[in-house]
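Notes to accompany the following structure.
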Amino acid sequence: LRTIINLKKSFNEEIVQHFLQQIASALKFLRDASISHMDLKPSNILVTGVGFENLLKQLQTFDIWRRVILKVADFGLSHYLDEDDSVHSFRGSPLYMAPEILCQHKYDAKADLYSVGIIIYQCLFTQTPYHCESTQDLIQKFMKRSIRIRIPSALSKNCRDILKKLLIFDPKHRISFELFFEHPFVDLKRMPCQESLDNGERLFNEAKDEDQKDNHQKAFQLYRESLLYLVPLHKWGVPGKMFTETFKTRVKTKIHQAMDRAENLQVIVGLEKCHEERLQELESIHELINSARDLHSRNFHSDSLNQYENAIERSLAILKNCDKNVQKQFFGEINNWLTEAESVKEIVAKESEICSAPNDLPLS
């Protein structure tokens, strides 16, 4: 990636977002195995999926970046670090190294997130956000707190936000991995891939089924959710697969059908005047409910209850500011959620009683 940055100089935000999703996917894989890379930088990110000569010929065209797949390499400095682990050893490349490592403070896995912020900044603006004559010079600047990172205002709101949250010097205030993966500029859940295609088409079909049953509010929600998966796929395709006209037409047709029907349903359920941010919040609440149900089915009852309570609290806050039609149509399910939450709460209470009960067995 370092070579490509030097040749192309800078990438537009859309391509950088695509790169960030791929890097985030690699980080998610590493975090699931409690591995921290500790030396993330452009020269340790490989550009695959397309031959170098073809890449050189088409550096300025969008189509070539659709075929590029980034892979994280060089694990010579990597560590096994659980979420709460911290270490002291000095490792990494100074310009991409988290301040806590440079200054030889305790650091944890979030040091990788700072490095990702530097990489993304360089992809956007050709250069890293600060420079130094030597490692010692950089350390002194951090110790004196004389480094300031300027993020140009020309970036989108979400892009600026993720950069700010990644490039925080104090790791305690830096974005967590969980929030990083969920951030709207990353949106790892809907990263263009085969799984996203499957989810998008499944949600589209579920929306049609609910629509036929006249469950308009549910159909509206499902159509909108399917679009969040399908639209990026129409732009990027599935990495590693041919981006054929047949595929493009297949996805485009579903997008148009979902958009047209969602607009009609928005009027039917009384949400035509609802602000976009409010609609996104409503969808986020439904995602929390689905997550709560999934956790309950896997016997993670305490986590499930937390998700239910979070969703219901956010729902009630919205209800206060909605007109009666929205309250009636969109939140008709809230009583069901309350009933489900009470059921889970009873299970959690019983589990708590079992855990706190005295052990009558004699100790050996």
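Chains: A, B, ... in order of the structure tokens. Residues: from 1 per chain. Ligands: from 1, in order shown.
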task: Would you please give, as a list in words, all residues of region 37-282 of chain A that DSSP assigns to strand (DSSP E or B) based on the backbone?
output: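 Residues meeting the strand (DSSP E or B) criterion: Ile45, Leu46, Val47, Thr48, Ile69, Leu70, Lys71, Val72, His79, Tyr80, Val87 and Tyr107 of chain A.
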Who sits within 9 Å of region 130-145 of chain A, only C-alpha atoms, same chain under 2 positions skipped, as a PyMOL selection string:
chain A and resi 94-95+99+102-103+127-128+147-149+169
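Counting only C-alpha atoms, the residue from A:Leu230, A:Leu203, A:Ala317, A:Leu188 that sits nearest to Phe29 (chain A) is A:Leu188.
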Do a neighbour search on Gln21 (chain A) at 8 Å with only C-alpha atoms, toss out local chain neighbours closer than 3 positions, and write the hits as a PDB file with all heavy atoms, in the first residue's frame.
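Printed below is selection_21.pdb as written:
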ATOM      1  N   GLN A  17     -12.761   4.673   2.426  1.00  0.00           N
ATOM      2  CA  GLN A  17     -13.751   3.955   3.232  1.00  0.00           C
ATOM      3  C   GLN A  17     -13.728   2.463   2.901  1.00  0.00           C
ATOM      4  O   GLN A  17     -13.805   1.611   3.796  1.00  0.00           O
ATOM      5  CB  GLN A  17     -15.143   4.526   2.990  1.00  0.00           C
ATOM      6  CG  GLN A  17     -16.224   3.887   3.860  1.00  0.00           C
ATOM      7  CD  GLN A  17     -17.592   4.491   3.603  1.00  0.00           C
ATOM      8  OE1 GLN A  17     -17.883   4.967   2.500  1.00  0.00           O
ATOM      9  NE2 GLN A  17     -18.445   4.481   4.617  1.00  0.00           N
ATOM     10  N   HIS A  18     -13.619   2.146   1.615  1.00  0.00           N
ATOM     11  CA  HIS A  18     -13.546   0.748   1.181  1.00  0.00           C
ATOM     12  C   HIS A  18     -12.294   0.082   1.750  1.00  0.00           C
ATOM     13  O   HIS A  18     -12.348  -1.055   2.231  1.00  0.00           O
ATOM     14  CB  HIS A  18     -13.542   0.702  -0.347  1.00  0.00           C
ATOM     15  CG  HIS A  18     -13.683  -0.665  -0.920  1.00  0.00           C
ATOM     16  ND1 HIS A  18     -14.742  -1.499  -0.632  1.00  0.00           N
ATOM     17  CD2 HIS A  18     -12.882  -1.362  -1.783  1.00  0.00           C
ATOM     18  CE1 HIS A  18     -14.601  -2.640  -1.283  1.00  0.00           C
ATOM     19  NE2 HIS A  18     -13.483  -2.583  -1.984  1.00  0.00           N
ATOM     20  N   ALA A  24     -10.444  -3.121   8.718  1.00  0.00           N
ATOM     21  CA  ALA A  24     -11.251  -3.409   9.904  1.00  0.00           C
ATOM     22  C   ALA A  24     -11.637  -4.880   9.954  1.00  0.00           C
ATOM     23  O   ALA A  24     -11.669  -5.493  11.029  1.00  0.00           O
ATOM     24  CB  ALA A  24     -12.499  -2.538   9.919  1.00  0.00           C
ATOM     25  N   SER A  25     -11.922  -5.463   8.801  1.00  0.00           N
ATOM     26  CA  SER A  25     -12.260  -6.890   8.743  1.00  0.00           C
ATOM     27  C   SER A  25     -11.092  -7.742   9.229  1.00  0.00           C
ATOM     28  O   SER A  25     -11.274  -8.710   9.970  1.00  0.00           O
ATOM     29  CB  SER A  25     -12.630  -7.265   7.304  1.00  0.00           C
ATOM     30  OG  SER A  25     -12.890  -8.644   7.196  1.00  0.00           O
ATOM     31  N   VAL A 186     -17.266   2.989   9.049  1.00  0.00           N
ATOM     32  CA  VAL A 186     -16.717   1.635   8.889  1.00  0.00           C
ATOM     33  C   VAL A 186     -17.840   0.664   8.538  1.00  0.00           C
ATOM     34  O   VAL A 186     -17.764  -0.066   7.552  1.00  0.00           O
ATOM     35  CB  VAL A 186     -15.984   1.181  10.172  1.00  0.00           C
ATOM     36  CG1 VAL A 186     -15.398  -0.217   9.986  1.00  0.00           C
ATOM     37  CG2 VAL A 186     -14.889   2.166  10.552  1.00  0.00           C
ATOM     38  N   ASP A 187     -18.865   0.624   9.385  1.00  0.00           N
ATOM     39  CA  ASP A 187     -20.058  -0.204   9.158  1.00  0.00           C
ATOM     40  C   ASP A 187     -19.666  -1.606   8.700  1.00  0.00           C
ATOM     41  O   ASP A 187     -20.104  -2.087   7.652  1.00  0.00           O
ATOM     42  CB  ASP A 187     -20.967   0.459   8.130  1.00  0.00           C
ATOM     43  CG  ASP A 187     -22.373  -0.116   8.145  1.00  0.00           C
ATOM     44  OD1 ASP A 187     -22.697  -0.858   9.097  1.00  0.00           O
ATOM     45  OD2 ASP A 187     -23.142   0.145   7.208  1.00  0.00           O
ATOM     46  N   LEU A 188     -18.831  -2.255   9.505  1.00  0.00           N
ATOM     47  CA  LEU A 188     -18.282  -3.555   9.128  1.00  0.00           C
ATOM     48  C   LEU A 188     -19.373  -4.594   8.883  1.00  0.00           C
ATOM     49  O   LEU A 188     -19.227  -5.482   8.045  1.00  0.00           O
ATOM     50  CB  LEU A 188     -17.335  -4.049  10.231  1.00  0.00           C
ATOM     51  CG  LEU A 188     -16.507  -5.283   9.923  1.00  0.00           C
ATOM     52  CD1 LEU A 188     -15.666  -5.088   8.669  1.00  0.00           C
ATOM     53  CD2 LEU A 188     -15.602  -5.634  11.110  1.00  0.00           C
ATOM     54  N   MET A 191     -20.233  -4.519   5.241  1.00  0.00           N
ATOM     55  CA  MET A 191     -19.127  -4.486   4.287  1.00  0.00           C
ATOM     56  C   MET A 191     -19.467  -5.331   3.059  1.00  0.00           C
ATOM     57  O   MET A 191     -19.967  -6.450   3.185  1.00  0.00           O
ATOM     58  CB  MET A 191     -17.877  -5.049   4.963  1.00  0.00           C
ATOM     59  CG  MET A 191     -16.710  -5.276   4.033  1.00  0.00           C
ATOM     60  SD  MET A 191     -15.340  -6.050   4.923  1.00  0.00           S
ATOM     61  CE  MET A 191     -14.224  -6.405   3.553  1.00  0.00           C
TER      62      MET A 191
END
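Counting from CA of Val231 (chain A), the distance to CA of Arg2 (chain A) is 29.6 Å.
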*Sel. of alpha helix (DSSP H) residues, region 56-267 of chain A, as a count of residues only*: 114
By how many Å are CA of Glu287 (chain A) and CA of Arg190 (chain A) apart?
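Computing it gives 13.1 Å between the two atoms.
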Nearest-residue call for Ile118 (chain A), choices A:Arg261, A:His173, A:Lys41, A:His296, using only C-alpha atoms: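 Among A:Arg261, A:His173, A:Lys41, A:His296, it is A:Lys41 that comes nearest to Ile118 (chain A).
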ask   = Separation of CA of Leu124 (chain A) and CA of Phe11 (chain A), in Å?
value =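 That distance, rounded to one decimal, is 5.4 Å.
Omitting region 233-237 of chain A and its sequence neighbours fewer than 5 positions away, and counting only C-alpha atoms, the residues within 10 Å are Ile15, His18, Phe62, Asp63, Trp65, Arg66, Arg67, Arg190, Met191, Pro192, Cys193, Gln194, Ser196, Leu197, Gly200, Leu227, Leu228, Met242, Phe243, Thr244, Phe247, Lys248, Thr249, Arg250, Val251, Lys252 and Ile255 of chain A.
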| said: Considering only C-alpha atoms, can you say which of A:Ser93, A:Asn336, A:Asn199, A:Ser146 comes closest to Tyr223 (chain A)? | reply: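 Of A:Ser93, A:Asn336, A:Asn199, A:Ser146, the one nearest Tyr223 (chain A), counting only C-alpha atoms, is A:Asn199.
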Quiz item: Near region 306-314 of chain A, within 6 Å and counting only C-alpha atoms, which residues show up once chain neighbours fewer than 3 positions away are dropped, as a ChimeraX atom specification?
Solution: /A:285,288,292,303,317,341
From the list A:Ile4, A:Leu163, A:Val47, A:Ala33, the nearest residue to Ile69 (chain A) using only C-alpha atoms is A:Val47
Excluding Gly117 (chain A) and residues on its chain fewer than 6 positions from it, collect all residues at most 12 Å away from it, counting only C-alpha atoms, and give them as JSON, numbers by chain. {"A": [16, 17, 20, 23, 24, 40, 41, 42, 95, 96, 97, 98, 110, 111, 123, 124, 128, 129, 149, 151, 159, 160, 161, 162, 163, 164, 165, 166, 167, 168, 169, 174, 175, 180]}
